[in-house]
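Printed here is target.txt (compact mmCIF, C-alpha atoms (C1' of nucleotides)):
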```txt
# COMPACT_ATOMS: atom_id res chain seq x y z
CA MET Q 1 -119.46 -56.31 11.80
CA THR Q 2 -117.27 -53.75 13.48
CA ALA Q 3 -118.33 -50.70 15.47
CA ASN Q 4 -118.06 -48.44 12.46
CA GLY Q 5 -120.05 -50.51 10.04
CA GLU Q 6 -117.47 -52.71 8.31
CA THR Q 7 -118.53 -56.23 7.59
CA ALA Q 8 -115.12 -57.79 7.99
CA GLY Q 9 -111.68 -58.01 6.44
CA VAL Q 10 -109.70 -54.95 5.52
CA ASP Q 11 -111.13 -51.75 6.93
CA ALA Q 12 -110.90 -48.32 5.33
CA ASP Q 13 -107.73 -47.50 7.24
CA GLY Q 14 -106.15 -50.65 5.91
CA ARG Q 15 -106.85 -49.86 2.30
CA ARG Q 16 -105.75 -46.27 2.23
CA PRO Q 17 -102.05 -46.75 2.91
CA LEU Q 18 -101.84 -49.35 0.16
CA ARG Q 19 -103.63 -46.98 -2.17
CA ARG Q 20 -101.16 -44.22 -1.37
CA ALA Q 21 -98.26 -46.55 -2.07
CA THR Q 22 -99.62 -47.78 -5.39
CA THR Q 23 -100.45 -44.28 -6.54
CA ILE Q 24 -96.71 -43.74 -6.64
CA LEU Q 25 -95.37 -47.18 -7.41
CA GLY Q 26 -98.03 -47.99 -9.98
CA LYS Q 27 -96.48 -45.78 -12.62
CA LYS Q 28 -94.79 -47.68 -15.40
CA TRP Q 29 -91.16 -46.82 -14.71
CA HIS Q 30 -91.11 -46.01 -11.02
CA PRO Q 31 -90.38 -49.46 -9.65
CA LEU Q 32 -87.68 -49.97 -12.27
CA LEU Q 33 -86.09 -46.68 -11.28
CA ILE Q 34 -86.07 -47.69 -7.64
CA GLN Q 35 -84.60 -51.03 -8.55
CA THR Q 36 -81.90 -49.40 -10.60
CA LEU Q 37 -80.96 -46.97 -7.87
CA LEU Q 38 -80.99 -49.73 -5.27
CA ALA Q 39 -78.24 -51.42 -7.20
CA GLU Q 40 -76.18 -48.36 -7.92
CA GLU Q 41 -75.99 -45.93 -5.01
CA SER Q 42 -75.95 -42.86 -7.25
CA LEU Q 43 -76.44 -42.26 -10.97
CA GLY Q 44 -76.68 -39.39 -13.45
CA PHE Q 45 -79.61 -38.73 -15.72
CA ASN Q 46 -78.16 -40.36 -18.81
CA ASP Q 47 -76.77 -43.26 -16.82
CA ILE Q 48 -80.23 -44.07 -15.59
CA LYS Q 49 -81.62 -43.69 -19.05
CA ALA Q 50 -79.06 -46.10 -20.45
CA GLU Q 51 -79.55 -48.66 -17.68
CA ILE Q 52 -83.31 -48.68 -17.94
CA GLY Q 53 -83.55 -48.52 -21.70
CA GLY Q 54 -86.56 -47.48 -23.70
CA ILE Q 55 -87.54 -44.52 -21.57
CA SER Q 56 -87.73 -41.07 -23.15
CA ASP Q 57 -86.12 -37.97 -21.69
CA LYS Q 58 -89.45 -36.45 -20.87
CA VAL Q 59 -90.84 -39.47 -19.08
CA LEU Q 60 -87.63 -40.06 -17.18
CA SER Q 61 -87.57 -36.45 -16.09
CA GLU Q 62 -91.17 -36.56 -14.91
CA SER Q 63 -90.70 -39.87 -13.16
CA LEU Q 64 -87.67 -38.65 -11.27
CA ALA Q 65 -89.59 -35.53 -10.23
CA ASP Q 66 -92.47 -37.69 -8.98
CA LEU Q 67 -90.20 -39.86 -6.90
CA GLN Q 68 -88.46 -36.82 -5.57
CA ASP Q 69 -91.78 -35.24 -4.54
CA ALA Q 70 -92.71 -38.44 -2.80
CA GLY Q 71 -89.45 -38.35 -0.87
CA LEU Q 72 -87.98 -41.50 -2.37
CA ILE Q 73 -85.03 -40.03 -4.20
CA VAL Q 74 -82.78 -37.02 -3.89
CA ARG Q 75 -81.43 -34.90 -6.69
CA GLU Q 76 -77.99 -33.50 -6.15
CA ILE Q 77 -76.47 -31.00 -8.53
CA VAL Q 78 -72.74 -31.31 -8.99
CA GLU Q 79 -71.29 -28.02 -10.19
CA GLU Q 80 -68.95 -29.01 -12.92
CA GLN Q 81 -68.91 -28.08 -16.57
CA PRO Q 82 -71.10 -29.44 -17.99
CA VAL Q 83 -73.35 -29.76 -14.98
CA ARG Q 84 -73.86 -33.23 -13.52
CA VAL Q 85 -76.84 -34.33 -11.52
CA ASN Q 86 -76.75 -37.29 -9.22
CA TYR Q 87 -79.82 -39.22 -8.26
CA SER Q 88 -79.87 -41.49 -5.26
CA LEU Q 89 -82.38 -43.06 -2.92
CA THR Q 90 -83.45 -41.56 0.38
CA PRO Q 91 -83.68 -43.91 3.37
CA ALA Q 92 -87.40 -44.20 2.65
CA GLY Q 93 -86.66 -45.23 -0.91
CA ARG Q 94 -84.03 -47.65 0.19
CA GLU Q 95 -86.50 -49.35 2.51
CA LEU Q 96 -88.37 -50.51 -0.54
CA GLU Q 97 -85.58 -52.95 -1.20
CA PRO Q 98 -87.20 -56.03 0.35
CA ILE Q 99 -90.45 -55.23 -1.41
CA ILE Q 100 -88.86 -54.80 -4.82
CA GLU Q 101 -86.84 -57.95 -4.34
CA GLY Q 102 -89.87 -59.83 -3.11
CA LEU Q 103 -91.78 -58.78 -6.18
CA GLU Q 104 -88.94 -59.83 -8.39
CA ARG Q 105 -88.70 -63.26 -6.84
CA TRP Q 106 -92.46 -63.69 -6.80
CA SER Q 107 -92.55 -62.82 -10.47
CA GLN Q 108 -89.83 -65.30 -11.32
CA THR Q 109 -91.60 -68.14 -9.63
CA HIS Q 110 -95.18 -67.32 -10.58
CA LEU Q 111 -95.28 -65.28 -13.75
CA ALA Q 112 -94.61 -66.76 -17.15
CA ASP Q 113 -91.72 -65.29 -19.05
CA ALA Q 114 -92.93 -64.04 -22.42
CA SER Q 115 -89.70 -64.94 -24.19
CA MET G 1 -68.66 -54.30 -17.52
CA THR G 2 -70.05 -57.78 -17.76
CA ALA G 3 -69.58 -60.26 -20.54
CA ASN G 4 -72.76 -59.17 -22.30
CA GLY G 5 -72.16 -55.45 -22.25
CA GLU G 6 -73.78 -54.26 -19.02
CA THR G 7 -71.98 -51.58 -17.11
CA ALA G 8 -73.09 -52.69 -13.67
CA GLY G 9 -76.07 -52.98 -11.37
CA VAL G 10 -79.27 -54.63 -12.45
CA ASP G 11 -78.91 -56.56 -15.67
CA ALA G 12 -81.62 -57.07 -18.25
CA ASP G 13 -82.71 -60.32 -16.65
CA GLY G 14 -83.11 -58.56 -13.36
CA ARG G 15 -85.38 -55.88 -14.73
CA ARG G 16 -87.72 -58.05 -16.71
CA PRO G 17 -89.32 -60.01 -13.91
CA LEU G 18 -90.05 -56.80 -12.05
CA ARG G 19 -91.55 -55.34 -15.20
CA ARG G 20 -93.77 -58.39 -15.61
CA ALA G 21 -94.97 -58.06 -12.04
CA THR G 22 -95.74 -54.38 -12.29
CA THR G 23 -97.55 -54.79 -15.58
CA ILE G 24 -100.15 -56.65 -13.57
CA LEU G 25 -99.91 -55.05 -10.18
CA GLY G 26 -99.58 -51.53 -11.50
CA LYS G 27 -103.24 -51.27 -12.40
CA LYS G 28 -105.20 -49.03 -10.13
CA TRP G 29 -107.38 -51.57 -8.35
CA HIS G 30 -105.40 -54.77 -8.59
CA PRO G 31 -103.41 -54.50 -5.39
CA LEU G 32 -106.54 -53.50 -3.49
CA LEU G 33 -108.35 -56.53 -4.86
CA ILE G 34 -105.53 -58.80 -3.75
CA GLN G 35 -105.52 -57.19 -0.35
CA THR G 36 -109.26 -57.62 -0.01
CA LEU G 37 -109.14 -61.27 -1.00
CA LEU G 38 -106.20 -61.92 1.29
CA ALA G 39 -108.38 -60.89 4.19
CA GLU G 40 -111.49 -62.73 3.16
CA GLU G 41 -110.82 -66.18 1.67
CA SER G 42 -113.68 -65.93 -0.80
CA LEU G 43 -116.06 -63.17 -1.88
CA GLY G 44 -118.81 -62.53 -4.42
CA PHE G 45 -118.78 -59.81 -7.03
CA ASN G 46 -120.93 -57.35 -5.12
CA ASP G 47 -119.17 -58.11 -1.86
CA ILE G 48 -115.88 -57.12 -3.39
CA LYS G 49 -117.44 -54.05 -4.88
CA ALA G 50 -118.82 -52.99 -1.52
CA GLU G 51 -115.58 -53.65 0.33
CA ILE G 52 -113.44 -51.75 -2.11
CA GLY G 53 -115.79 -48.89 -2.73
CA GLY G 54 -115.70 -46.51 -5.65
CA ILE G 55 -115.07 -49.08 -8.34
CA SER G 56 -117.53 -49.43 -11.20
CA ASP G 57 -118.99 -52.73 -12.36
CA LYS G 58 -117.10 -52.57 -15.59
CA VAL G 59 -113.73 -51.88 -14.07
CA LEU G 60 -114.20 -54.48 -11.36
CA SER G 61 -115.18 -57.04 -13.94
CA GLU G 62 -112.17 -56.27 -16.10
CA SER G 63 -109.82 -56.24 -13.16
CA LEU G 64 -111.00 -59.61 -11.94
CA ALA G 65 -110.57 -61.03 -15.44
CA ASP G 66 -107.02 -59.65 -15.58
CA LEU G 67 -106.09 -61.22 -12.29
CA GLN G 68 -107.65 -64.46 -13.33
CA ASP G 69 -105.68 -64.48 -16.58
CA ALA G 70 -102.52 -63.86 -14.62
CA GLY G 71 -103.33 -66.84 -12.41
CA LEU G 72 -103.77 -64.87 -9.20
CA ILE G 73 -107.42 -65.51 -8.55
CA VAL G 74 -109.95 -68.18 -9.35
CA ARG G 75 -113.55 -67.67 -10.31
CA GLU G 76 -115.95 -70.29 -9.10
CA ILE G 77 -119.57 -70.33 -10.19
CA VAL G 78 -122.00 -71.52 -7.57
CA GLU G 79 -125.17 -72.81 -9.20
CA GLU G 80 -127.92 -71.31 -7.17
CA GLN G 81 -130.72 -69.02 -8.18
CA PRO G 82 -129.70 -66.32 -8.66
CA VAL G 83 -126.22 -67.43 -9.65
CA ARG G 84 -123.38 -66.68 -7.24
CA VAL G 85 -119.76 -66.33 -8.18
CA ASN G 86 -116.98 -66.72 -5.69
CA TYR G 87 -113.61 -65.15 -6.15
CA SER G 88 -110.61 -66.33 -4.19
CA LEU G 89 -106.83 -66.24 -4.44
CA THR G 90 -104.74 -68.95 -5.97
CA PRO G 91 -101.59 -70.01 -4.07
CA ALA G 92 -99.64 -67.65 -6.34
CA GLY G 93 -101.94 -64.79 -5.40
CA ARG G 94 -101.73 -65.68 -1.75
CA GLU G 95 -97.97 -65.52 -1.88
CA LEU G 96 -98.25 -61.81 -2.49
CA GLU G 97 -99.30 -61.41 1.12
CA PRO G 98 -95.90 -60.39 2.53
CA ILE G 99 -95.42 -57.98 -0.35
CA ILE G 100 -98.79 -56.33 0.06
CA GLU G 101 -98.30 -56.10 3.79
CA GLY G 102 -94.81 -54.77 3.36
CA LEU G 103 -96.09 -52.09 1.06
CA GLU G 104 -98.80 -51.19 3.51
CA ARG G 105 -96.39 -50.84 6.38
CA TRP G 106 -93.88 -48.98 4.28
CA SER G 107 -96.58 -46.57 3.25
CA GLN G 108 -97.69 -45.99 6.81
CA THR G 109 -94.23 -45.11 7.96
CA HIS G 110 -93.01 -43.16 4.93
CA LEU G 111 -95.93 -41.69 3.05
CA ALA G 112 -97.89 -38.72 4.27
CA ASP G 113 -101.57 -39.31 4.92
CA ALA G 114 -103.59 -36.81 2.90
CA SER G 115 -106.27 -36.51 5.57
C1' DC U 1 -74.91 -33.40 -19.64
C1' DA U 2 -79.48 -32.74 -18.30
C1' DG U 3 -83.05 -31.50 -19.27
C1' DT U 4 -87.97 -28.53 -21.59
C1' DA U 5 -91.54 -27.78 -24.86
C1' DT U 6 -94.97 -29.56 -28.00
C1' DC U 7 -97.85 -32.41 -29.83
C1' DC U 8 -99.88 -36.95 -30.25
C1' DA U 9 -101.23 -41.84 -29.25
C1' DA U 10 -102.58 -45.25 -26.29
C1' DA U 11 -104.04 -47.10 -22.19
C1' DT U 12 -107.07 -46.82 -18.23
C1' DA U 13 -110.80 -45.60 -15.77
C1' DG U 14 -115.56 -43.91 -14.98
C1' DA U 15 -120.79 -43.06 -15.83
C1' DT U 16 -124.84 -44.92 -17.23
C1' DA U 17 -128.09 -48.06 -18.93
C1' DC U 18 -129.36 -52.58 -19.79
C1' DT U 19 -129.48 -58.15 -19.36
C1' DG U 20 -129.43 -63.47 -18.24
C1' DC A 1 -126.64 -61.46 -8.30
C1' DA A 2 -123.31 -60.76 -11.68
C1' DG A 3 -122.32 -59.02 -15.04
C1' DT A 4 -122.05 -56.57 -20.53
C1' DA A 5 -122.36 -52.67 -23.78
C1' DT A 6 -121.48 -47.94 -24.88
C1' DC A 7 -119.60 -43.89 -24.79
C1' DT A 8 -116.72 -40.40 -22.65
C1' DA A 9 -113.06 -38.48 -19.82
C1' DT A 10 -108.71 -38.62 -17.83
C1' DT A 11 -104.28 -40.09 -17.25
C1' DT A 12 -100.04 -41.81 -18.97
C1' DG A 13 -96.62 -42.52 -21.99
C1' DG A 14 -93.92 -41.66 -26.28
C1' DA A 15 -91.63 -39.11 -30.46
C1' DT A 16 -89.25 -35.32 -31.78
C1' DA A 17 -86.95 -31.06 -31.64
C1' DC A 18 -84.73 -27.64 -29.08
C1' DT A 19 -81.86 -25.34 -24.89
C1' DG A 20 -78.73 -23.74 -20.79
```
Once more with this new file: its structure as C-alpha cells, please.
Amino acid sequence: MTANGETAGVDADGRRPLRRATTILGKKWHPLLIQTLLAEESLGFNDIKAEIGGISDKVLSESLADLQDAGLIVREIVEEQPVRVNYSLTPAGRELEPIIEGLERWSQTHLADAS
Amino acid sequence: MTANGETAGVDADGRRPLRRATTILGKKWHPLLIQTLLAEESLGFNDIKAEIGGISDKVLSESLADLQDAGLIVREIVEEQPVRVNYSLTPAGRELEPIIEGLERWSQTHLADAS
DNA sequence: CAGTATCCAAATAGATACTG
DNA sequence: CAGTATCTATTTGGATACTG
C-alpha cells in the first residue's frame, strides 16, 4: 500500500489522463476523423464526409467542433465563393498517429473481421 | 483515384479495423479496465471495482463480459467458499499495453487537466 | 460548399435492491 | 464474494429539411 492509501497498481493520477483521453477519443467518429486527417493533410467538410461515409452533416459538424475544442484539429476558412473550410490536424492531433496506427494493427491481428 | 474508386488517403480496408477496435475500446470503462489489469496480473470483481472507483456492479459486470467476448480478458472461477473469480488479460489484451500507455502519455502532454 | 435546426431513436450508463 | 434484475436518466447518434 502506498502513502496515500492505494493498494497497488495504477494510482488515481494514472487513471485520470487515460480517462481524459478516452472522453474525447471514445466518441464514435473521432478516431476515424483523426485517421482520415492523418492521411490527408487538409480536407473540406464534404471531402471528409465522403471519405468517412455514413456520417450525417450534424454529427460531422459536432465531431469536428469537439476535436477543435480539444485542440486536435484546426478549422481554416478560405474566403472564396462559395466559402471553403479546411480542416487539418494540430501538432497534438498529429501525435496521435502512432496510437491510431497501433490500434489499427492491433485490431487486424487480434479482432475478427465481421465480413 | 485508386482502382476501386477511392480518391486518396485511407481506404475502406484501412478504416474498418480501426472501427472494430473503437467499437470495443470506445466504451466508457473499457480502457480503464485494461489499464487496471495491465498493472495487476489478476484481480477479483470487487478488487477491480475498488481500484476503478465510481463504476456500478451492473456496468462492471457488463463491461467485463464485453471484454471477455472480445477475447481481451479471461474469467477464471476459483472454487472456494465464497466463490472467487479472477480476471486477467489474454495475450491479445496485454498487447494493448503500448497503446494504453501511449494514450496516457499523449494525454498528459496535450490534454488540459481539469483540476 | 458548409453548415443549423428539429425531432427522434438507440445505445450507454447509473441507482437501487436483491440473490446463490 | 460476485454477481442479476429493474427501472430510470443521460448521452449519443441519425434522418430530414432548411440556410448563408
(request) Would you list the contacts of region 15-30 of chain Q as a list in words, taking every protein, DNA or RNA residue within 7 Å and counting all atoms listed in the file, but skipping same-chain residues closer than 4 positions in sequence? (result)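 With the cut-off at 7 Å, the set is Val10, Asp11, Ile34 and Ser63 of chain Q; Gly26, Lys27, Leu32, Leu103, Glu104, Ser107 and Gln108 of chain G.
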(message) Using Å and a single decimal, report how far CA of Val83 (chain Q) sits from C1' of DC1 (chain U).
(response) 6.1 Å
Quick one: contact table of chain A to chain G, 8 Å max, nearest atom pair and distance in Å to one decimal per residue, counting only C-alpha atoms (C1' of nucleotides), chain and number order, as a tab-separated table?
```
residue	atom	partner	partner_atom	distance
A:DC1	C1'	G:Pro82	CA	5.8
A:DA2	C1'	G:Phe45	CA	6.6
A:DG3	C1'	G:Ser61	CA	7.5
```
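The gap separating CA of Leu43 (chain G) from CA of Ser88 (chain G) is 6.7 Å, in Å to one decimal.
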(request) Show me which bits of chain U are within 9 Å of chain G, counting all atoms listed in the file, as number ranges by chain. (result) U: 12-15
